[in-house]
Structures are given as C-alpha cells and as structure tokens.
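Peer 1: This is structure-v5.cif, which holds mmCIF, C-alpha atoms and all ligand atoms:
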```cif
data_protein
#
loop_
_atom_site.label_atom_id
_atom_site.label_comp_id
_atom_site.auth_asym_id
_atom_site.auth_seq_id
_atom_site.Cartn_x
_atom_site.Cartn_y
_atom_site.Cartn_z
CA MET A 254 77.23 109.60 105.92
CA LEU A 255 80.38 109.40 103.79
CA GLU A 256 82.01 107.40 106.58
CA ARG A 257 79.11 104.96 106.33
CA ALA A 258 79.50 104.84 102.55
CA ILE A 259 83.22 104.11 103.00
CA SER A 260 82.45 101.24 105.41
CA LEU A 261 79.98 99.81 102.91
CA ALA A 262 82.51 100.14 100.09
CA MET A 263 85.05 98.12 102.09
CA SER A 264 82.81 95.06 101.76
CA GLY A 265 83.97 94.79 98.14
CA ARG A 266 87.67 94.32 99.03
CA GLY A 267 89.11 91.34 97.20
CA ARG A 268 86.24 91.05 94.69
CA VAL A 269 86.09 94.38 92.85
CA GLU A 270 89.71 94.71 91.77
CA PRO A 271 90.98 96.06 89.39
CA ASN A 272 88.00 98.37 89.94
CA PRO A 273 87.88 100.66 92.99
CA MET A 274 85.80 99.88 96.08
CA VAL A 275 82.79 102.25 96.07
CA GLY A 276 79.89 102.79 98.46
CA CYS A 277 76.75 104.93 98.24
CA VAL A 278 74.21 106.03 100.86
CA LEU A 279 70.95 107.75 99.88
CA VAL A 280 69.43 110.10 102.44
CA GLY A 281 65.86 111.26 101.94
CA PRO A 282 64.72 114.89 102.18
CA GLY A 283 63.50 114.08 105.70
CA GLY A 284 67.02 113.06 106.80
CA GLY A 285 66.84 109.24 107.11
CA ILE A 286 68.69 106.64 105.06
CA ILE A 287 66.39 105.46 102.26
CA GLY A 288 68.78 103.20 100.37
CA GLU A 289 72.39 102.09 100.24
CA GLY A 290 74.73 99.87 98.29
CA PHE A 291 78.28 99.12 97.27
CA HIS A 292 80.17 97.81 94.26
CA GLU A 293 80.24 94.09 95.02
CA ARG A 294 82.35 92.55 92.29
CA VAL A 295 84.18 93.39 89.11
CA GLY A 296 81.74 93.49 86.21
CA GLY A 297 78.81 93.85 88.60
CA PRO A 298 76.59 96.90 89.12
CA HIS A 299 78.14 100.02 90.60
CA ALA A 300 77.31 101.38 94.05
CA GLU A 301 74.88 104.08 92.87
CA PRO A 302 72.43 101.84 90.91
CA THR A 303 72.66 99.28 93.72
CA ALA A 304 71.66 101.97 96.24
CA LEU A 305 68.86 103.20 93.93
CA ASP A 306 67.60 99.60 93.59
CA ASP A 307 67.74 99.21 97.37
CA CYS A 308 65.79 102.47 97.72
CA ALA A 309 63.06 101.20 95.37
CA ARG A 310 63.00 97.80 97.09
CA ARG A 311 62.31 99.55 100.39
CA GLY A 312 59.40 101.36 98.72
CA ASN A 313 61.17 104.74 98.81
CA SER A 314 61.60 107.39 96.14
CA ALA A 315 65.01 108.96 95.58
CA ARG A 316 63.42 112.20 94.37
CA GLY A 317 64.95 115.12 96.31
CA ALA A 318 67.43 112.79 98.07
CA THR A 319 71.11 113.37 98.78
CA ALA A 320 73.51 110.70 97.51
CA TYR A 321 76.71 110.25 99.51
CA VAL A 322 79.18 108.53 97.19
CA THR A 323 82.77 107.63 98.05
CA LEU A 324 83.86 108.14 94.42
CA GLU A 325 82.74 110.60 91.76
CA PRO A 326 79.91 108.95 89.78
CA CYS A 327 81.01 107.72 86.36
CA CYS A 328 79.72 109.19 83.12
CA HIS A 329 81.56 107.25 80.41
CA THR A 330 80.33 104.29 78.42
CA ASN A 331 83.60 102.55 77.51
CA LYS A 332 83.13 99.87 80.17
CA ARG A 333 80.90 96.90 80.98
CA THR A 334 78.33 98.68 83.15
CA PRO A 335 76.09 101.66 82.27
CA PRO A 336 77.18 105.09 83.58
CA CYS A 337 75.86 106.18 87.00
CA VAL A 338 75.35 109.91 86.41
CA PRO A 339 72.28 109.42 84.15
CA ALA A 340 70.81 107.00 86.72
CA LEU A 341 71.15 109.59 89.52
CA ILE A 342 69.65 112.30 87.29
CA ALA A 343 66.76 110.06 86.24
CA ALA A 344 66.05 109.17 89.87
CA GLY A 345 65.61 112.87 90.74
CA VAL A 346 68.46 113.05 93.27
CA ALA A 347 68.83 116.69 94.42
CA ARG A 348 72.37 116.67 95.82
CA VAL A 349 75.48 114.51 95.56
CA VAL A 350 78.28 114.55 98.15
CA ILE A 351 81.53 113.02 96.85
CA GLY A 352 84.48 111.59 98.75
CA CYS A 353 87.07 111.44 95.98
CA LEU A 354 87.17 112.66 92.39
CA ASP A 355 87.69 109.82 89.91
CA PRO A 356 91.37 109.73 88.87
CA ASN A 357 90.32 107.92 85.67
CA PRO A 358 90.90 110.45 82.84
CA ASP A 359 87.60 109.26 81.28
CA VAL A 360 85.81 110.78 84.32
CA ASP A 361 88.02 113.14 86.43
CA GLY A 362 85.52 115.95 87.03
CA LYS A 363 83.28 115.19 84.05
CA GLY A 364 80.82 113.34 86.30
CA VAL A 365 80.57 116.40 88.55
CA ALA A 366 80.12 118.68 85.52
CA GLN A 367 77.26 116.53 84.15
CA LEU A 368 75.52 116.40 87.53
CA LYS A 369 75.76 120.20 87.88
CA ALA A 370 74.55 120.71 84.31
CA ALA A 371 71.45 118.71 85.28
CA GLY A 372 70.80 121.10 88.19
CA ILE A 373 72.05 118.74 90.92
CA ALA A 374 74.01 120.34 93.79
CA VAL A 375 77.46 118.77 94.17
CA ASP A 376 79.68 119.04 97.24
CA MET A 377 82.91 117.38 98.27
CA GLY A 378 83.17 115.73 101.71
CA SER A 379 85.22 117.23 104.53
CA PRO A 380 89.04 117.07 104.15
CA THR A 381 89.12 114.07 106.52
CA GLU A 382 86.41 112.27 104.57
CA GLN A 383 88.18 113.04 101.30
CA ALA A 384 91.45 111.60 102.65
CA SER A 385 89.67 108.40 103.78
CA ALA A 386 87.83 108.07 100.46
CA CYS A 387 91.07 108.50 98.48
CA GLN A 388 92.93 106.02 100.72
CA LEU A 389 90.16 103.53 100.11
CA ILE A 390 90.92 103.51 96.39
CA ALA A 391 94.70 104.03 96.57
CA PRO A 392 95.33 100.82 94.53
CA PHE A 393 93.00 102.09 91.78
CA ILE A 394 94.69 105.51 91.83
CA ALA A 395 98.06 103.74 91.60
CA ARG A 396 96.95 101.95 88.44
CA VAL A 397 95.27 104.78 86.55
CA ARG A 398 97.54 107.63 87.60
CA TYR A 399 100.95 105.99 88.07
CA SER A 400 100.58 102.81 85.95
CA ARG A 401 101.75 100.65 88.83
CA PRO A 402 100.13 98.63 91.62
CA TYR A 403 99.76 99.70 95.24
CA VAL A 404 102.81 98.07 96.79
CA THR A 405 102.84 96.43 100.20
CA LEU A 406 106.16 95.21 101.60
CA LYS A 407 105.70 92.36 104.04
CA TRP A 408 108.25 90.65 106.20
CA ALA A 409 108.63 88.78 109.47
CA GLU A 410 111.32 89.93 111.87
CA SER A 411 112.65 88.67 115.16
CA ALA A 412 112.48 90.72 118.35
CA ASP A 413 116.05 91.89 117.64
CA GLY A 414 115.36 92.85 114.00
CA PHE A 415 116.56 89.85 111.93
CA ILE A 416 114.64 88.32 108.99
CA SER A 417 116.75 85.16 108.66
CA GLY A 418 119.53 83.30 110.40
CA VAL A 419 123.29 83.41 109.86
CA GLY A 420 124.26 83.17 106.18
CA GLY A 421 120.63 83.76 105.17
CA ALA A 422 119.47 80.47 106.71
CA ARG A 423 115.69 80.24 106.60
CA ARG A 424 114.07 80.62 110.01
CA GLN A 425 110.42 80.27 110.93
CA ILE A 426 109.94 83.63 112.62
CA SER A 427 106.16 84.14 112.67
CA GLY A 428 103.59 82.13 114.56
CA PRO A 429 100.68 80.26 112.90
CA GLU A 430 98.23 83.14 113.42
CA SER A 431 100.53 85.51 111.50
CA MET A 432 100.93 82.94 108.73
CA ALA A 433 97.14 82.70 108.42
CA ILE A 434 96.93 86.48 108.00
CA VAL A 435 99.68 86.39 105.37
CA HIS A 436 97.84 83.76 103.35
CA ALA A 437 94.61 85.76 103.56
CA LEU A 438 96.49 88.89 102.44
CA ARG A 439 98.03 86.95 99.53
CA ALA A 440 94.57 85.81 98.49
CA ARG A 441 93.38 89.41 98.12
CA CYS A 442 96.43 90.60 96.15
CA GLU A 443 96.69 89.95 92.42
CA ALA A 444 100.44 89.37 92.49
CA ILE A 445 103.34 88.51 94.81
CA LEU A 446 106.93 89.55 94.05
CA ILE A 447 110.23 88.31 95.50
CA GLY A 448 113.89 88.93 94.72
CA ALA A 449 115.96 86.09 93.27
CA SER A 450 118.01 85.87 96.45
CA THR A 451 114.91 84.76 98.38
CA LEU A 452 114.17 82.26 95.61
CA ARG A 453 117.68 80.85 95.93
CA SER A 454 117.68 80.61 99.73
CA ASP A 455 114.04 79.83 100.60
CA ASN A 456 112.63 78.14 97.46
CA PRO A 457 109.14 79.43 98.42
CA LEU A 458 105.81 78.36 96.91
CA LEU A 459 104.06 81.74 97.33
CA THR A 460 100.56 80.33 97.03
CA ALA A 461 97.59 81.61 99.03
CA ARG A 462 96.74 78.73 101.30
CA THR A 463 93.62 79.68 103.21
CA PRO A 464 91.28 77.47 105.21
CA ASN A 465 88.15 76.29 103.44
CA PRO A 466 85.62 77.65 104.31
CA THR A 467 87.61 80.81 104.94
CA PRO A 468 86.46 83.84 106.90
CA HIS A 469 87.94 85.98 104.11
CA PRO A 470 87.10 85.73 100.42
CA THR A 471 89.84 84.13 98.30
CA PRO A 472 88.97 85.22 94.80
CA HIS A 473 92.52 85.52 93.53
CA THR A 474 95.12 82.97 92.65
CA PRO A 475 97.89 85.52 92.75
CA LEU A 476 100.44 85.76 90.00
CA ARG A 477 103.91 84.91 91.35
CA ALA A 478 106.85 86.98 90.16
CA VAL A 479 110.62 86.94 90.66
CA VAL A 480 113.08 89.67 89.73
CA SER A 481 116.80 89.09 89.17
CA ARG A 482 119.54 91.36 87.87
CA GLY A 483 122.35 88.81 87.67
CA GLY A 484 120.27 86.01 86.15
CA ASP A 485 121.36 83.29 88.60
CA VAL A 486 117.89 81.78 88.85
CA PRO A 487 117.50 78.13 89.86
CA THR A 488 115.08 76.82 87.28
CA ASP A 489 114.24 73.77 89.42
CA SER A 490 112.63 76.04 92.08
CA GLN A 491 109.22 74.77 93.12
CA LEU A 492 107.70 78.12 92.13
CA PHE A 493 108.41 77.27 88.49
CA HIS A 494 107.03 73.73 88.75
CA THR A 495 103.63 74.35 90.32
CA PRO A 496 101.59 75.84 87.44
CA ARG A 497 98.36 75.26 89.36
CA GLY A 498 99.71 77.58 92.09
CA GLY A 499 99.15 80.57 89.81
CA PRO A 500 100.77 82.13 86.75
CA THR A 501 104.49 82.75 87.15
CA VAL A 502 106.66 85.48 85.63
CA LEU A 503 110.43 85.92 85.76
CA TYR A 504 111.87 89.39 85.21
CA SER A 505 115.57 89.16 84.35
CA PRO A 506 117.85 90.32 81.53
CA ALA A 507 117.81 86.93 79.73
CA ARG A 508 115.63 83.83 79.84
CA PRO A 509 117.60 81.15 81.70
CA PRO A 510 117.96 77.86 79.86
CA GLY A 511 115.74 75.17 81.36
CA LEU A 512 113.01 77.57 82.56
CA PRO A 513 109.72 75.66 82.11
CA GLU A 514 107.76 76.83 79.10
CA HIS A 515 104.68 77.90 81.05
CA VAL A 516 106.78 80.42 83.01
CA GLU A 517 106.67 83.75 81.26
CA HIS A 518 109.94 85.63 80.94
CA VAL A 519 110.07 89.42 80.64
CA PRO A 520 113.49 90.78 79.70
CA THR A 521 113.95 93.59 82.23
CA ASP A 522 115.43 94.13 85.65
CA SER A 523 114.14 97.70 86.04
CA LEU A 524 111.86 97.75 89.08
CA ALA A 525 109.75 100.53 87.55
CA ASP A 526 109.26 98.39 84.43
CA VAL A 527 108.39 95.36 86.56
CA LEU A 528 105.64 97.31 88.32
CA THR A 529 104.34 98.77 85.05
CA ASP A 530 104.18 95.27 83.56
CA LEU A 531 102.34 93.92 86.61
CA ALA A 532 99.84 96.80 86.41
CA ARG A 533 99.32 96.02 82.72
CA ARG A 534 98.45 92.47 83.76
CA GLY A 535 95.70 93.85 86.02
CA THR A 536 97.59 93.98 89.32
CA THR A 537 96.25 96.70 91.59
CA ASN A 538 97.60 95.21 94.84
CA LEU A 539 101.14 93.82 94.86
CA LEU A 540 102.55 92.01 97.87
CA VAL A 541 106.35 92.01 98.06
CA GLU A 542 107.63 89.12 100.17
CA SER A 543 111.32 89.64 99.51
CA GLY A 544 114.28 90.03 101.78
CA GLY A 545 115.68 93.43 102.68
CA ALA A 546 117.54 94.20 99.45
CA LEU A 547 114.55 94.34 97.11
CA ALA A 548 112.32 95.96 99.74
CA LEU A 549 114.86 98.72 100.29
CA ALA A 550 115.40 99.20 96.55
CA LEU A 551 111.65 99.63 95.99
CA ALA A 552 111.43 102.05 98.93
CA ARG A 553 114.40 104.08 97.63
CA GLU A 554 112.88 104.29 94.14
CA SER A 555 109.60 105.55 95.70
CA LEU A 556 107.86 102.39 94.46
CA ALA A 557 106.50 101.12 97.78
CA ASP A 558 103.55 102.42 99.74
CA ARG A 559 103.19 100.50 102.98
CA ALA A 560 104.91 97.84 105.03
CA TRP A 561 103.42 95.04 107.12
CA ARG A 562 105.97 93.98 109.74
CA PHE A 563 105.21 90.83 111.71
CA ILE A 564 107.41 91.14 114.78
CA SER A 565 108.08 88.04 116.85
CA PRO A 566 108.69 88.27 120.61
CA THR A 567 111.71 85.94 120.24
CA PRO A 568 115.25 87.19 119.47
CA ILE A 569 117.49 85.34 117.00
CA GLY A 570 120.79 86.91 118.04
CA SER A 571 122.42 87.20 114.60
CA GLY A 572 121.64 86.83 110.89
CA THR A 573 120.26 89.01 108.08
CA ARG A 574 118.85 92.32 109.25
CA ALA A 575 115.43 93.61 108.21
CA ALA A 576 115.44 96.47 105.69
CA ALA A 577 116.18 99.82 107.25
CA ILE A 578 112.76 101.25 106.43
CA ASP A 579 111.56 103.47 109.24
CA TRP A 580 108.10 104.55 108.09
CA PRO A 581 105.85 105.42 111.02
CA ALA A 582 103.49 102.70 112.29
CA HIS A 583 99.88 103.81 111.98
CA ALA A 584 98.29 100.61 113.15
CA SER A 585 99.46 97.84 115.42
CA ALA A 586 97.78 94.70 116.72
CA ALA A 587 98.63 91.46 118.47
CA VAL A 588 98.50 88.42 116.16
CA GLY A 589 98.94 85.37 118.37
CA VAL A 590 102.25 85.97 120.13
CA ASP A 591 103.48 88.28 117.33
CA ARG A 592 102.74 91.95 116.74
CA LEU A 593 101.76 93.28 113.34
CA ARG A 594 102.70 96.85 112.55
CA GLU A 595 101.30 98.58 109.51
CA CYS A 596 103.61 101.38 108.41
CA LEU A 597 102.66 103.83 105.65
CA ASN A 598 105.30 105.49 103.49
CA PRO A 599 104.88 109.19 104.35
CA ASN A 600 106.40 110.14 100.98
CA SER A 601 104.17 107.95 98.84
CA PRO A 602 101.76 109.84 96.56
CA LEU A 603 99.30 107.11 97.62
CA THR A 604 99.32 107.92 101.33
CA PHE A 605 96.31 110.13 101.98
CA GLU A 606 95.39 109.35 105.56
CA THR A 607 97.11 107.68 108.47
CA SER A 608 94.61 105.29 109.99
CA ALA A 609 94.58 101.49 109.66
CA SER A 610 93.96 100.25 106.11
CA VAL A 611 90.95 98.26 104.93
CA ASP A 612 93.09 95.11 104.84
CA PHE A 613 94.34 95.71 108.37
CA ARG A 614 90.86 96.33 109.75
CA GLN A 615 89.25 93.38 107.96
CA LEU A 616 91.99 90.76 108.29
CA LEU A 617 92.60 91.59 111.94
CA ALA A 618 88.89 91.61 112.82
CA ARG A 619 88.03 88.68 114.97
N1 LIG B 701 111.61 87.07 107.27
C1 LIG B 701 111.03 87.34 106.12
O1 LIG B 701 109.90 87.79 106.08
C2 LIG B 701 111.80 87.08 104.85
C3 LIG B 701 111.14 87.21 103.62
C4 LIG B 701 111.85 86.98 102.46
C5 LIG B 701 113.19 86.65 102.54
N2 LIG B 701 113.78 86.52 103.75
C6 LIG B 701 115.21 86.18 103.84
O2 LIG B 701 115.93 87.22 103.24
C7 LIG B 701 117.13 86.68 102.75
C8 LIG B 701 117.37 87.21 101.34
O3 LIG B 701 117.45 88.59 101.47
P1 LIG B 701 117.81 89.49 100.23
O4 LIG B 701 117.66 90.90 100.66
O5 LIG B 701 119.10 89.06 99.69
O6 LIG B 701 116.69 89.00 99.18
P2 LIG B 701 115.67 89.70 98.19
O7 LIG B 701 115.50 91.13 98.52
O8 LIG B 701 114.44 88.87 98.15
O9 LIG B 701 116.38 89.52 96.81
C9 LIG B 701 117.44 90.34 96.40
C10 LIG B 701 117.69 90.02 94.95
O10 LIG B 701 116.70 90.64 94.16
C11 LIG B 701 117.21 90.90 92.88
N3 LIG B 701 117.03 92.31 92.53
C12 LIG B 701 116.51 92.77 91.37
N4 LIG B 701 116.52 94.08 91.33
C13 LIG B 701 117.03 94.50 92.47
C14 LIG B 701 117.31 95.79 92.98
N5 LIG B 701 117.03 96.91 92.30
N6 LIG B 701 117.87 95.87 94.18
C15 LIG B 701 118.15 94.78 94.89
N7 LIG B 701 117.91 93.53 94.46
C16 LIG B 701 117.36 93.38 93.24
C17 LIG B 701 118.70 90.54 92.93
O11 LIG B 701 118.76 89.24 92.40
P3 LIG B 701 120.09 88.71 91.66
O12 LIG B 701 121.10 88.52 92.73
O13 LIG B 701 119.66 87.44 90.99
O14 LIG B 701 120.48 89.77 90.68
C18 LIG B 701 118.99 90.53 94.42
O15 LIG B 701 120.07 89.72 94.77
C19 LIG B 701 117.02 85.18 102.79
O16 LIG B 701 117.82 84.71 103.82
C20 LIG B 701 115.57 84.93 103.11
O17 LIG B 701 115.42 83.81 103.94
C21 LIG B 701 113.11 86.72 104.90
#
```
Show me this structure written as structure tokens.
Peer 2:
Amino acid sequence: MLERAISLAMSGRGRVEPNPMVGCVLVGPGGGIIGEGFHERVGGPHAEPTALDDCARRGNSARGATAYVTLEPCCHTNKRTPPCVPALIAAGVARVVIGCLDPNPDVDGKGVAQLKAAGIAVDMGSPTEQASACQLIAPFIARVRYSRPYVTLKWAESADGFISGVGGARRQISGPESMAIVHALRARCEAILIGASTLRSDNPLLTARTPNPTPHPTPHTPLRAVVSRGGDVPTDSQLFHTPRGGPTVLYSPARPPGLPEHVEHVPTDSLADVLTDLARRGTTNLLVESGGALALALARESLADRAWRFISPTPIGSGTRAAAIDWPAHASAAVGVDRLRECLNPNSPLTFETSASVDFRQLLAR
C-alpha cells in the first residue's frame, strides 16, 4: 500500500514544490481501500485530509482504518494548512504506516509521538519502502536538512564523449525529442544554473519552452542563474535582456558595469553559498546546464545529486570532453535516436534508492 501511496504522491510533481510530494491510502478494517489522496499543489490540502475527504465521499468511515502515508503526518501550525495528526485522530484511524519521517525540525518524530499518545499504532514501512519514500522527497530533504536544492546535472554528449566542438564551438548534439524532455524538465525545476564560460560561448536563453497544451504541467518559470569567479560576464547576453523569461541572478565577486538593473547580483563565487541562496529563494530542484568545469566542481564539493546524460549516437571526433563523472546509471531509455542515462551520485546524502526517479518515469512515459 505504501507503494500505491508513493505513486499517488508522484502526481503532485511540479505543483507542490517547495513542499514535498505526499500520498495517503486508507485501508478499512476489512482490508479494502476506502479512500486515497495526495498533496496536489502548494498551499492546497495535504494528502491525509484529501484521503479522509475521499473516504467520506465514497460513503465510508475511517474508524478503525489503517492510513498508509508516504511522509510522517504533520502536527505543527506554523504553515498555511491545518495539521494532519488531529484530523487522523478525529477520524478514528487505528494505525498509521509511514514511509519517511519528516525531516522538518517542526515535525521530525513529533507527529509519530502525538499519534501514539492518542492510542494509534504507528509502524514504519519496509526498508525498501522507506528508501523509496525518502527518495520521493529528496528535494524537500535537501532544503530543510542541507539548506540547498536537489541538484541535477544535465548535459548532452556525443557518442565519443564530447559536449562541444573544437575550441568550445557550440554543437547541436541532442535530437528534438531530447530537447523536448529538457524543456519539460526545466519547467518543473525552480532554477537553472550555468557557468560563465557557457554564457560566453553559447549565449543561452534557458527558458522552459514547452508545447501548449503540454503533456506535462509547466507551473514554473525557472529562475536563471550564472556563476563566475573571474567576473568576465558579457552583459549583453540574451539571458540578461529577456526579463519575461524568468528572474535572473548573477553570482560573481563584483557587479559588472552595464548589467541591466532587473538582474540581481549576489556578491559570491562560493558554490555552497550559491546553492544556499537559491534554496533561500525557494528552489528545491536545481537544474545545472553548464559545461564540464562547473559540473565537476559541484560534484567534487559534494553539491550534486544526479546527472542526466543525453547521449547521441553520432561521434564528433574532437572538442570539449564531458565531465569525468562516473556515477552509475540507474535508469536508461531511448529518446528519439538519443539515449538518456540517469546516474545517481552514490555518495550524495540524498541518494536513498537506486531506481528511476519520478522525473525520469513521468517525463519518459509515453
Ligand atoms: N553539451 C552540453 O550539454 C553543454 C552544456 C553546457 C555547455 N556546453 C559547452 O561547454 C563549454 C563550456 O564548458 P565549461 O566547462 O568551460 O563551462 P561551465 O562549466 O559552464 O562554466 C565554467 C565557468 O564557471 C565559472 N565557475 C564558477 N565557479 C566555478 C568553480 N568552482 N569551478 C569551475 N568553474 C566555476 C567560471 O567562470 P569564470 O571563468 O567567469 O570565472 C568557469 O570558467 C562550451 O563550449 C559549451 O558549449 C555544453
């Protein structure tokens, strides 16, 4: 049942952030499902009251039921929605099975304690279910426990491992199907980061351009961010002159003269500080679309969690090599003529399980 609750929770991807995705399944004393729900959008009702409402709508009573919840029910009131523990107690639920304890210090075991104090039996899911439930909310855990976003490195590489041509010349490496996936992924991340070298050579726009109507929700206009240590930042880059493409932030030691006023400048080149600042701005999912230098630096500083490698079947022969990041591929799928490999950083504190991520499963679903 927790697996079912996790699948339900995944329906909130792209709409609940910076909250976690959460699902809840209510099973009656007789063994059948009597109600279910998930957290649908930030500011909206949580999974537990949604499942209790569903239960009532079906004409069922939750008295004596077991609630399977992917995340420990909340018990604090310093947020927009009422706490879920009192709702479960009031409904007469007899047992709660939890996938992941809430890393939020306002909860973190207190929800379990309140449920137990009310005479409700509380169990954790199996180790496999717990790993899946924690992976589901890795971006939320990143924010509340490590004050940084969940970081996905993304790049396109040729069959022989190059990300650009000789002298850094821009090359179109991925096919149109891969580009469509990239735009959909951008649309479900709150921010995109590149290194200044990519700004100088590619002059990218970094907007989420998805078809309308899109098969995937596009709730975010991601923030676009650039980091530079040397400060050689071309202020005429199109990124800085397309305010409607999303807010833009430059991280560099000094504000370059001529940077448009609407572009925010943050005086740092520390990657840890950049991620902390992005988390403070509400970023739970960060997409890094840099070249190899920034990707490798983030990986070396233990500030990157997964990589999406779009691998073309065509060799380039020479050019700039992809970052030497050899995390194991846990998921792989054909995308047009390309192949997408999802690789999880085995040393990340945010790697809990090794199956395909929610993004991979949803964006690759056809
Ligand atoms: N195929 C793809 O998917 C893809 C994607 C993006 C880029 N590219 C290609 O990659 C090439 C650029 O590669 P790149 O590796 O030079 O670009 P990059 O990783 O995007 O940018 C590197 C720059 O980031 C800044 N930076 C800030 N902190 C850093 C740190 N701790 N470590 C390293 N860099 C830091 C520096 O800017 P300053 O020099 O200003 O200090 C550095 O030069 C271009 O040819 C571009 O076309 C390919």
Peer 1: Looking at all atoms listed in the file, which of A:Leu459, A:Ala532, A:Met274, A:Leu556 is the one that sits closest to Arg497 (chain A)?
Peer 2: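 For Arg497 (chain A), the nearest of the candidates is A:Leu459.
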Peer 1: Rounded to one decimal place, report the CA of Leu324 (chain A)-CA of Arg441 (chain A) distance in Å.
Peer 2: 21.3 Å
Peer 1: Need the shell around region 298-308 of chain A: protein/DNA/RNA residues with any atom at most 7 Å away, counting only C-alpha atoms. Skip same-chain ones fewer than 4 positions apart. Format as a list in words?
Peer 2: Val275, Gly276, Cys277, Val278, Leu279, Ile287, Gly288, Glu289, Gly290, Phe291, His292, Gly312, Asn313, Ser314, Ala315, Thr334, Cys337 and Ala340 of chain A
Peer 1: Need the axis-aligned box for ligand LIG 701 (chain B) with 6 Å each side, so what are the centre and edges in Å to one decimal, as AutoDock Vina command-line options?
Peer 2:
```
--center_x 115.5 --center_y 90.4 --center_z 99.0 --size_x 23.2 --size_y 25.1 --size_z 28.6
```
Peer 1: Counting all atoms listed in the file, find residues at most 10 Å from (120.6, 91.7, 88.7) (file frame) and give them as a PyMOL selection string.
Peer 2: chain A and resi 448-449+480-485+504-506+521-523
Peer 1: Taking only C-alpha atoms and all ligand atoms into account, list the residues no farther than 8 Å from ligand LIG 701 (chain B), as a ChimeraX atom specification.
Peer 2: /A:407-410,415-418,420-426,447-452,454-455,479-486,505,522-524,542-551,563,573,575-576
Peer 1: Given only C-alpha atoms as the basis, pick out the residue of A:Arg401, A:Arg266, A:Arg553, A:Arg453 nearest to Asp530 (chain A).
Peer 2: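 Going through A:Arg401, A:Arg266, A:Arg553, A:Arg453 one by one, the smallest distance to Asp530 (chain A) is for A:Arg401.
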Peer 1: Taking into account only C-alpha atoms, which residue in the set A:Lys369, A:Arg508, A:Arg294, A:Arg257 is nearest to Leu341 (chain A)?
Peer 2: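 Of all the options, A:Lys369 lies closest to Leu341 (chain A).
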Peer 1: Enter the distance from CA of Ser385 (chain A) to CA of Pro358 (chain A), in Å, rounded to one decimal.
Peer 2: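 Atom-to-atom, CA of Ser385 (chain A) and CA of Pro358 (chain A) are spaced 21.1 Å apart.
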Peer 1: Rounded to one decimal place, report the CA of Ile394 (chain A)-CA of Asn272 (chain A) distance in Å.
Peer 2: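 Taking CA of Ile394 (chain A) as the start and CA of Asn272 (chain A) as the end point, the length is 10.0 Å.
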Peer 1: Determine the nearest neighbour of Gly265 (chain A) from the options A:Ala582, A:Ala560, A:Leu616, A:Val611, counting all atoms listed in the file.
Peer 2: A:Val611
Peer 1: Which residues are close to region 586-599 of chain A, i.e. within 9 Å by only C-alpha atoms, leaving aside same-chain residues fewer than 5 positions away? Reply as a VMD selection string.
Peer 2: chain A and resid 427 to 431 434 552 555 557 to 566 579 to 581 604 to 605 607 609 to 610 613 617
Peer 1: Which residue is closest to Cys353 (chain A)? Choose from A:Gly572, A:Gly372, A:Gly378, A:Pro392 and count all atoms listed in the file.
Peer 2: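 Ranked by minimum distance to Cys353 (chain A), first place goes to A:Gly378.
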Peer 1: What's the 7 Å shell around Pro271 (chain A), counting all atoms listed in the file, without same-chain residues fewer than 4 positions away, as number ranges by chain?
Peer 2: A: 393, 535-537
Peer 1: Give the answer as one residue: which of A:Arg398, A:Arg348, A:Arg268, A:His436 has the shortest atom-to-atom distance to Asp361 (chain A), using only C-alpha atoms?
Peer 2: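 When distances to Asp361 (chain A) are compared using only C-alpha atoms, the smallest one comes from A:Arg398.
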